[in-house]
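work37.txt (compact mmCIF, C-alpha atoms (C1' of nucleotides)) appears below.
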# COMPACT_ATOMS: atom_id res chain seq x y z
CA MET P 1 -0.08 -17.86 10.01
CA ARG P 2 0.32 -15.84 6.84
CA HIS P 3 3.07 -13.65 5.49
CA TRP P 4 2.71 -10.16 4.07
CA LEU P 5 4.68 -7.32 2.64
CA MET P 6 3.60 -3.88 3.85
CA LYS P 7 4.80 -0.66 2.28
CA SER P 8 5.65 2.63 3.90
CA GLU P 9 7.57 5.61 2.65
CA PRO P 10 10.49 5.85 5.05
CA SER P 11 10.31 9.65 4.95
CA VAL P 12 6.88 9.21 6.54
CA TYR P 13 7.50 6.15 8.70
CA SER P 14 10.55 3.89 8.54
CA ILE P 15 11.70 0.67 10.15
CA ALA P 16 13.97 2.77 12.37
CA ASP P 17 10.86 4.56 13.64
CA LEU P 18 9.20 1.23 14.41
CA ARG P 19 12.34 -0.09 16.11
CA ARG P 20 12.25 2.94 18.39
CA GLU P 21 8.50 2.79 19.12
CA VAL P 22 8.36 -1.04 19.09
CA ARG P 23 4.60 -1.04 18.57
CA ALA P 24 2.69 1.18 16.16
CA MET P 25 -0.64 1.66 14.47
CA TRP P 26 -0.42 0.94 10.73
CA GLU P 27 -2.66 3.80 9.64
CA GLY P 28 -3.62 5.73 6.57
CA CYS P 29 -4.59 2.95 4.17
CA ARG P 30 -7.13 4.50 1.79
CA ASN P 31 -7.60 1.77 -0.77
CA TYR P 32 -10.63 -0.53 -0.67
CA LEU P 33 -8.78 -3.68 -1.74
CA VAL P 34 -6.25 -3.16 1.02
CA ARG P 35 -9.02 -2.30 3.48
CA ASN P 36 -10.79 -5.58 2.68
CA ARG P 37 -7.55 -7.50 2.94
CA LEU P 38 -6.91 -6.05 6.39
CA ARG P 39 -10.46 -6.93 7.40
CA ASP P 40 -10.68 -10.42 5.93
CA GLU P 41 -7.20 -11.88 5.72
CA VAL P 42 -4.69 -10.18 7.99
CA ARG P 43 -4.65 -11.74 11.47
CA PRO P 44 -2.76 -11.23 14.72
CA GLY P 45 0.35 -13.40 14.63
CA ASP P 46 0.91 -12.87 10.89
CA MET P 47 4.41 -11.77 9.97
CA ALA P 48 5.20 -9.01 7.49
CA PHE P 49 8.16 -7.60 5.63
CA PHE P 50 8.52 -3.87 6.21
CA TYR P 51 9.04 -2.44 2.71
CA HIS P 52 10.46 1.03 2.12
CA SER P 53 8.77 2.56 -0.93
CA ASN P 54 9.73 5.74 -2.76
CA SER P 55 13.16 5.35 -1.31
CA GLN P 56 16.79 4.98 -2.34
CA PRO P 57 16.75 2.16 -2.84
CA SER P 58 13.21 0.93 -2.38
CA GLY P 59 13.26 -2.50 -0.80
CA ILE P 60 12.66 -4.78 2.17
CA ALA P 61 14.09 -3.30 5.35
CA GLY P 62 13.03 -5.75 8.04
CA ILE P 63 10.30 -7.74 9.72
CA MET P 64 7.32 -6.91 11.90
CA GLU P 65 4.43 -8.83 13.40
CA VAL P 66 0.73 -8.03 13.17
CA VAL P 67 -0.48 -7.82 16.77
CA SER P 68 -4.15 -6.81 16.50
CA GLU P 69 -7.31 -7.41 14.57
CA ALA P 70 -8.26 -4.68 12.11
CA TYR P 71 -10.11 -1.78 13.75
CA PRO P 72 -11.41 1.59 12.53
CA ASP P 73 -8.49 3.86 11.65
CA PRO P 74 -8.93 6.89 13.94
CA THR P 75 -7.16 9.22 11.50
CA GLN P 76 -10.22 9.14 9.21
CA PHE P 77 -12.19 11.09 11.85
CA ASP P 78 -9.49 13.68 12.55
CA PRO P 79 -9.82 16.88 10.50
CA GLU P 80 -6.22 17.71 11.38
CA SER P 81 -4.92 14.47 9.89
CA PRO P 82 -3.73 14.19 6.29
CA TYR P 83 -5.74 10.95 6.23
CA PHE P 84 -9.01 12.67 7.24
CA ASP P 85 -12.02 11.39 5.30
CA PRO P 86 -15.07 13.68 5.55
CA LYS P 87 -17.34 10.87 4.37
CA ALA P 88 -16.35 8.52 7.20
CA THR P 89 -18.39 8.53 10.41
CA ARG P 90 -17.90 6.71 13.69
CA GLU P 91 -21.15 4.85 13.02
CA ASN P 92 -19.95 3.97 9.53
CA PRO P 93 -16.17 3.91 9.45
CA ARG P 94 -14.61 3.35 6.05
CA TRP P 95 -10.99 2.64 6.81
CA LEU P 96 -9.17 0.13 8.98
CA ALA P 97 -5.83 -0.02 10.73
CA VAL P 98 -3.90 -2.80 12.45
CA ASP P 99 -1.23 -2.67 15.13
CA VAL P 100 2.24 -3.95 14.29
CA GLU P 101 5.26 -4.75 16.40
CA PHE P 102 8.94 -4.54 15.55
CA VAL P 103 10.67 -7.89 15.08
CA ARG P 104 13.98 -7.01 13.47
CA GLU P 105 15.73 -4.73 11.05
CA PHE P 106 17.79 -6.35 8.30
CA ALA P 107 21.52 -5.64 8.24
CA ARG P 108 20.86 -4.19 4.78
CA VAL P 109 17.82 -3.16 2.75
CA VAL P 110 17.12 -5.75 0.05
CA PRO P 111 16.50 -3.62 -3.05
CA LEU P 112 13.58 -4.24 -5.35
CA ALA P 113 16.03 -4.72 -8.22
CA GLU P 114 17.64 -7.63 -6.35
CA LEU P 115 14.24 -9.24 -5.75
CA LYS P 116 13.44 -8.97 -9.46
CA GLU P 117 16.65 -10.76 -10.45
CA HIS P 118 16.12 -13.66 -8.05
CA PRO P 119 14.63 -16.90 -9.49
CA VAL P 120 12.05 -17.24 -6.69
CA LEU P 121 11.61 -13.65 -5.55
CA GLY P 122 11.14 -12.33 -9.07
CA GLY P 123 7.62 -13.77 -8.84
CA MET P 124 6.67 -11.75 -5.76
CA GLU P 125 3.63 -9.51 -6.04
CA VAL P 126 5.78 -6.51 -5.20
CA CYS P 127 7.82 -7.16 -8.36
CA ARG P 128 4.78 -6.87 -10.59
CA ARG P 129 4.78 -3.78 -12.74
CA GLY P 130 2.23 -1.25 -11.63
CA GLN P 131 1.59 -2.99 -8.32
CA ARG P 132 0.46 -0.23 -6.01
CA LEU P 133 -1.30 -1.97 -3.13
CA SER P 134 0.37 -1.29 0.21
CA VAL P 135 -0.34 -4.74 1.71
CA LEU P 136 0.68 -7.68 -0.45
CA PRO P 137 0.68 -11.44 0.21
CA VAL P 138 4.02 -13.26 0.41
CA THR P 139 4.27 -17.04 0.02
CA THR P 140 6.19 -19.18 2.49
CA ASP P 141 8.75 -19.98 -0.22
CA GLU P 142 9.27 -16.28 -0.88
CA TRP P 143 9.51 -15.51 2.81
CA ASP P 144 12.17 -18.19 3.33
CA ALA P 145 14.10 -17.13 0.23
CA VAL P 146 14.35 -13.54 1.46
CA LEU P 147 15.63 -14.71 4.83
CA ALA P 148 18.22 -16.85 3.06
CA LEU P 149 19.71 -13.89 1.16
CA PRO P 150 23.28 -12.99 2.10
CA GLY P 151 23.59 -10.19 4.61
CA VAL P 152 19.97 -10.37 5.71
C1' DG E 1 10.38 15.16 -12.91
C1' DC E 2 8.40 11.70 -15.95
C1' DC E 3 5.22 8.40 -16.73
C1' DA E 4 2.80 3.77 -16.43
C1' DA E 5 -0.69 1.56 -13.99
C1' DC E 6 -4.84 1.60 -12.18
C1' DG E 7 -8.26 3.04 -8.62
C1' DT E 8 -11.88 6.61 -7.97
C1' DT E 9 -15.23 9.99 -9.27
C1' DG E 10 -19.00 11.76 -11.50
C1' DG E 11 -21.76 12.94 -15.69
C1' DC E 12 -25.00 10.88 -18.38
C1' DG B 1 -23.92 0.87 -15.50
C1' DC B 2 -20.62 2.90 -18.77
C1' DC B 3 -16.67 5.34 -19.40
C1' DA B 4 -13.77 9.53 -19.65
C1' DA B 5 -11.27 12.41 -16.73
C1' DC B 6 -8.73 12.77 -12.90
C1' DG B 7 -5.78 11.56 -8.92
C1' DT B 8 -2.44 8.64 -6.61
C1' DT B 9 1.31 5.44 -6.23
C1' DG B 10 5.76 4.57 -6.83
C1' DG B 11 9.69 2.99 -9.87
C1' DC B 12 13.11 4.99 -12.39
Could I get this file's structure written as structure tokens?
Amino acid sequence: MRHWLMKSEPSVYSIADLRREVRAMWEGCRNYLVRNRLRDEVRPGDMAFFYHSNSQPSGIAGIMEVVSEAYPDPTQFDPESPYFDPKATRENPRWLAVDVEFVREFARVVPLAELKEHPVLGGMEVCRRGQRLSVLPVTTDEWDAVLALPGV
DNA sequence: GCCAACGTTGGC
DNA sequence: GCCAACGTTGGC
């Protein structure tokens, strides 16, 4: 089982939304590296931090579980969707989604600045300058260190 | 709102 | 296949 960190802008979809819906489709990824990672590395049973990006503060808000294999993201076929991709066809889908399930919301959001200061967590991918991928690997040490933070 | 990082597009 | 221009992400 692997660990991940997955980003969402809470104004679009937050951990509170996932808590309410319990299970959701993680849709709208339009980056090939992330697409390949979903296809090749992310598996049902993997656990992920739910990260709030473009937020105040940005940071880790809770935990979810990946509960499906990657499958074609239906929003790419929907002209009404902001994620519509005119070059994608049902015969040749470009983009993938996975289903995720709520596990728990942290008592507080762990801000990015706090991660950066931490001796172990400062090395997380998400702390790297210019890191823009929305699905990032997390090591077991990093996972455990986040869960050991006070108030989490 | 600014801007750094970096992925994507498209001319050649 | 190179590379400049452009677009997007996302912290601050």
Please, which residues of chain P lie no more than 8 Å from chain E when the count uses all atoms listed in the file, and can they be set out as JSON, numbers by chain?
{"P": [31, 129, 130, 131]}
What does the structure give for the distance between atom CA of Arg104 of chain P and atom CA of Val135 of chain P, in Å to one decimal?
18.7 Å
Which polymer residues have any atom within 8 Å of an atom of segment 112-120 of chain P, counting only C-alpha atoms (C1' of nucleotides), with same-chain residues fewer than 4 positions away left out, as a list in words?
Pro57, Ser58, Gly59, Ile60, Met124, Cys127, Asp141, Glu142 and Ala145 of chain P
What is the distance, in Å and to one decimal place, between atom CA of Ser14 of chain P and atom CA of Ala107 of chain P?
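So the answer is 14.5 Å.
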Could you list, as a PyMOL selection string, every residue within 9 Å of Arg37 of chain P, counting only C-alpha atoms (C1' of nucleotides) and ignoring same-chain residues fewer than 5 positions away?
chain P and resi 32+42+135-136
One number please: atom CA of Phe102 of chain P to atom CA of Glu125 of chain P, in Å, one decimal.
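Spanning atom CA of Phe102 of chain P to atom CA of Glu125 of chain P is a straight-line distance of 22.8 Å.
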